[in-house]
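Q: Have a look at this one.
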Amino acid sequence: MINLKARSVVYGGVFLAVGLVLSLVIHSIGGQQFGTIFGPLNFVALTTGVVTGPWVGLTVGIILPLLSSVIFGMPPLMPPIAVFMALQLGTYGILTGLFERKNLNIFLNLAISIVAGGVVYALGYYVIGYMVGIHLQPLTAILLSFALGLPGIVIQFLLIPAIRYSIKRARKS
């Protein structure tokens with residue numbers, strides 16, 4: 001029988017691969033706009049945290065946008081959107097994993113994690129953006145992120161609880 005830590009790492013690798021494929025498919029269909037609207041990397045980072053726990057969720061959340069950027073060019077490294085997303089998705093992964101361990105309601109878990117990730121993204125945008133000459137207010141970045149990503153957020157709230165339930169049920173059998 002495979003132990004829980006090893007299973008989490010294996011799941012993390014699977015989620016990393018799924019995130020890369022999902023990113024490629026979404027961006028191939030509709031370019032950067034579809035990626036912004038549907039948030040495939042966001043979906044994978046949130047799901048990884050819920051399924052694998054905080055540390056694998058954090059790791060996948062940080063690596064996924066950077067690796068996708070290097071391999072596929074999306075999200076871009078310049079301006080450093082991939083870096084902002086690494087901060088955001090790492091936050092998603094660690095918080096959803098921590099809240100899952102605390103048995104927080106899955107919808108509340110997702111809501112808090114998404115808002116916190118948006119705040120971290122905006123702070124990163126503000127601090128790193130200032131250093132590289134991007135001038136956008138953090139509140140504007142948060143509002144743009146949520147407004148454009150609303151369809152993806154709805155999909156996350158519909159699918160992640162179902163995935164979580166299915167995996168928990170499969171683990172019991």
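Letters for chains follow the order of the structure tokens (A, B, ...), residue numbers begin at 1 for each chain, and ligand numbers begin at 1 in the order shown.
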What's around Leu64 of chain A at 9 Å? Count only C-alpha atoms, leave out sequence neighbours fewer than 4 positions away in its own chain, and write the answer as a ChimeraX atom specification.

A: /A:16-17,19-20,41,44-45,59-60,68-69,86,89

Q: Could those residues be written to a file, using all heavy atoms, as a compact mmCIF listing (two decimals), in the first residue's frame?

A:
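Dumped everything to result.txt:
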# COMPACT_ATOMS: atom_id res chain seq x y z
N LEU A 16 0.34 18.56 -12.06
CA LEU A 16 1.26 19.41 -12.81
C LEU A 16 1.13 19.12 -14.31
O LEU A 16 1.02 20.04 -15.12
CB LEU A 16 2.69 19.18 -12.33
CG LEU A 16 3.76 20.14 -12.81
CD1 LEU A 16 3.44 21.58 -12.40
CD2 LEU A 16 5.11 19.73 -12.24
N ALA A 17 1.11 17.84 -14.67
CA ALA A 17 0.95 17.46 -16.08
C ALA A 17 -0.41 17.89 -16.61
O ALA A 17 -0.51 18.44 -17.72
CB ALA A 17 1.12 15.95 -16.23
N GLY A 19 -2.23 20.35 -15.56
CA GLY A 19 -2.21 21.80 -15.68
C GLY A 19 -1.52 22.26 -16.96
O GLY A 19 -2.01 23.17 -17.64
N LEU A 20 -0.42 21.62 -17.30
CA LEU A 20 0.28 21.98 -18.53
C LEU A 20 -0.56 21.66 -19.77
O LEU A 20 -0.67 22.48 -20.68
CB LEU A 20 1.64 21.26 -18.61
CG LEU A 20 2.68 21.74 -17.60
CD1 LEU A 20 3.90 20.82 -17.61
CD2 LEU A 20 3.08 23.18 -17.86
N LEU A 41 -4.91 27.20 -14.92
CA LEU A 41 -3.86 27.00 -13.92
C LEU A 41 -4.39 27.24 -12.52
O LEU A 41 -4.02 26.54 -11.56
CB LEU A 41 -2.66 27.90 -14.21
CG LEU A 41 -1.99 27.74 -15.58
CD1 LEU A 41 -0.78 28.66 -15.70
CD2 LEU A 41 -1.62 26.30 -15.85
N VAL A 44 -6.29 24.13 -11.44
CA VAL A 44 -5.40 23.03 -11.07
C VAL A 44 -4.74 23.30 -9.72
O VAL A 44 -4.64 22.39 -8.89
CB VAL A 44 -4.35 22.78 -12.18
CG1 VAL A 44 -3.30 21.79 -11.72
CG2 VAL A 44 -5.04 22.27 -13.45
N ALA A 45 -4.30 24.51 -9.47
CA ALA A 45 -3.64 24.82 -8.19
C ALA A 45 -4.61 24.65 -7.02
O ALA A 45 -4.25 24.08 -5.98
CB ALA A 45 -3.08 26.24 -8.20
N THR A 59 3.80 23.78 -3.86
CA THR A 59 4.85 23.49 -4.83
C THR A 59 4.30 23.50 -6.25
O THR A 59 4.87 24.13 -7.15
CB THR A 59 5.51 22.12 -4.51
OG1 THR A 59 6.00 22.16 -3.17
CG2 THR A 59 6.64 21.83 -5.47
N VAL A 60 3.20 22.79 -6.48
CA VAL A 60 2.59 22.76 -7.81
C VAL A 60 2.13 24.17 -8.20
O VAL A 60 2.32 24.60 -9.34
CB VAL A 60 1.42 21.75 -7.88
CG1 VAL A 60 0.62 21.89 -9.17
CG2 VAL A 60 1.96 20.33 -7.74
N SER A 68 4.81 26.45 -17.35
CA SER A 68 3.95 26.73 -18.51
C SER A 68 4.49 27.90 -19.32
O SER A 68 4.48 27.88 -20.55
CB SER A 68 2.53 27.02 -18.04
OG SER A 68 1.68 27.31 -19.14
N SER A 69 4.99 28.89 -18.64
CA SER A 69 5.57 30.05 -19.31
C SER A 69 6.80 29.68 -20.12
O SER A 69 6.95 30.09 -21.27
CB SER A 69 5.92 31.12 -18.28
OG SER A 69 6.47 32.24 -18.92
N ALA A 86 2.62 32.75 -10.02
CA ALA A 86 3.27 31.77 -9.14
C ALA A 86 2.97 32.11 -7.68
O ALA A 86 2.71 31.21 -6.87
CB ALA A 86 4.77 31.75 -9.40
N LEU A 89 -0.94 31.32 -7.26
CA LEU A 89 -1.26 29.91 -7.29
C LEU A 89 -0.62 29.15 -6.13
O LEU A 89 -1.19 28.20 -5.61
CB LEU A 89 -0.87 29.28 -8.63
CG LEU A 89 -1.94 29.39 -9.73
CD1 LEU A 89 -2.39 30.80 -9.99
CD2 LEU A 89 -1.46 28.75 -11.01

Q: Taking into account only C-alpha atoms, which residue in the set A:Leu110, A:Ile134, A:Leu150, A:Leu24 is nearest to Thr91 of chain A?

A: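 Smallest distance to Thr91 of chain A is found for A:Leu110.
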
Q: How far is it from atom CA of Leu22 of chain A to atom CA of Pro40 of chain A, in Å with one decimal?

A: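 We find that atom CA of Leu22 of chain A and atom CA of Pro40 of chain A lie 6.1 Å from each other.
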
Q: Report as a list in words all protein, DNA and RNA residues lying within 10 Å of Ile153 of chain A, evaluated on only C-alpha atoms, omitting residues in the same chain fewer than 5 positions from it.

A: Ile37, Phe38, Gly39, Asn42, Phe43, Leu110, Ala111, Ile114, Phe146, Ala147, Leu148, Leu158 and Leu159 of chain A

Q: For Gly12 of chain A, which residue out of A:Leu98, A:Val50, A:Ile160, A:Ile128 is the nearest one, using only C-alpha atoms?

A: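 That would be A:Val50, the residue with the smallest distance to Gly12 of chain A.
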
Q: Just to confirm, what's the straight-line distance from atom CA of Lys172 of chain A to atom CA of Ile106 of chain A in Å (one decimal)?

A: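 Pair atom CA of Lys172 of chain A / atom CA of Ile106 of chain A returns 18.8 Å.
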
Q: Return the single residue from A:Gln156, A:Ser23, A:Thr36, A:Ser166 that is closest to Ile71 of chain A, with distances computed using only C-alpha atoms.

A: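 Distance minimum relative to Ile71 of chain A lands on A:Ser23.
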
Q: Taking the chain letters and numbering used in this document, name the residues of segment 77-164 of chain A that DSSP puts in helix (DSSP H, G or I), as a ChimeraX atom specification.

A: /A:81-101,106-132,138-148,150-164
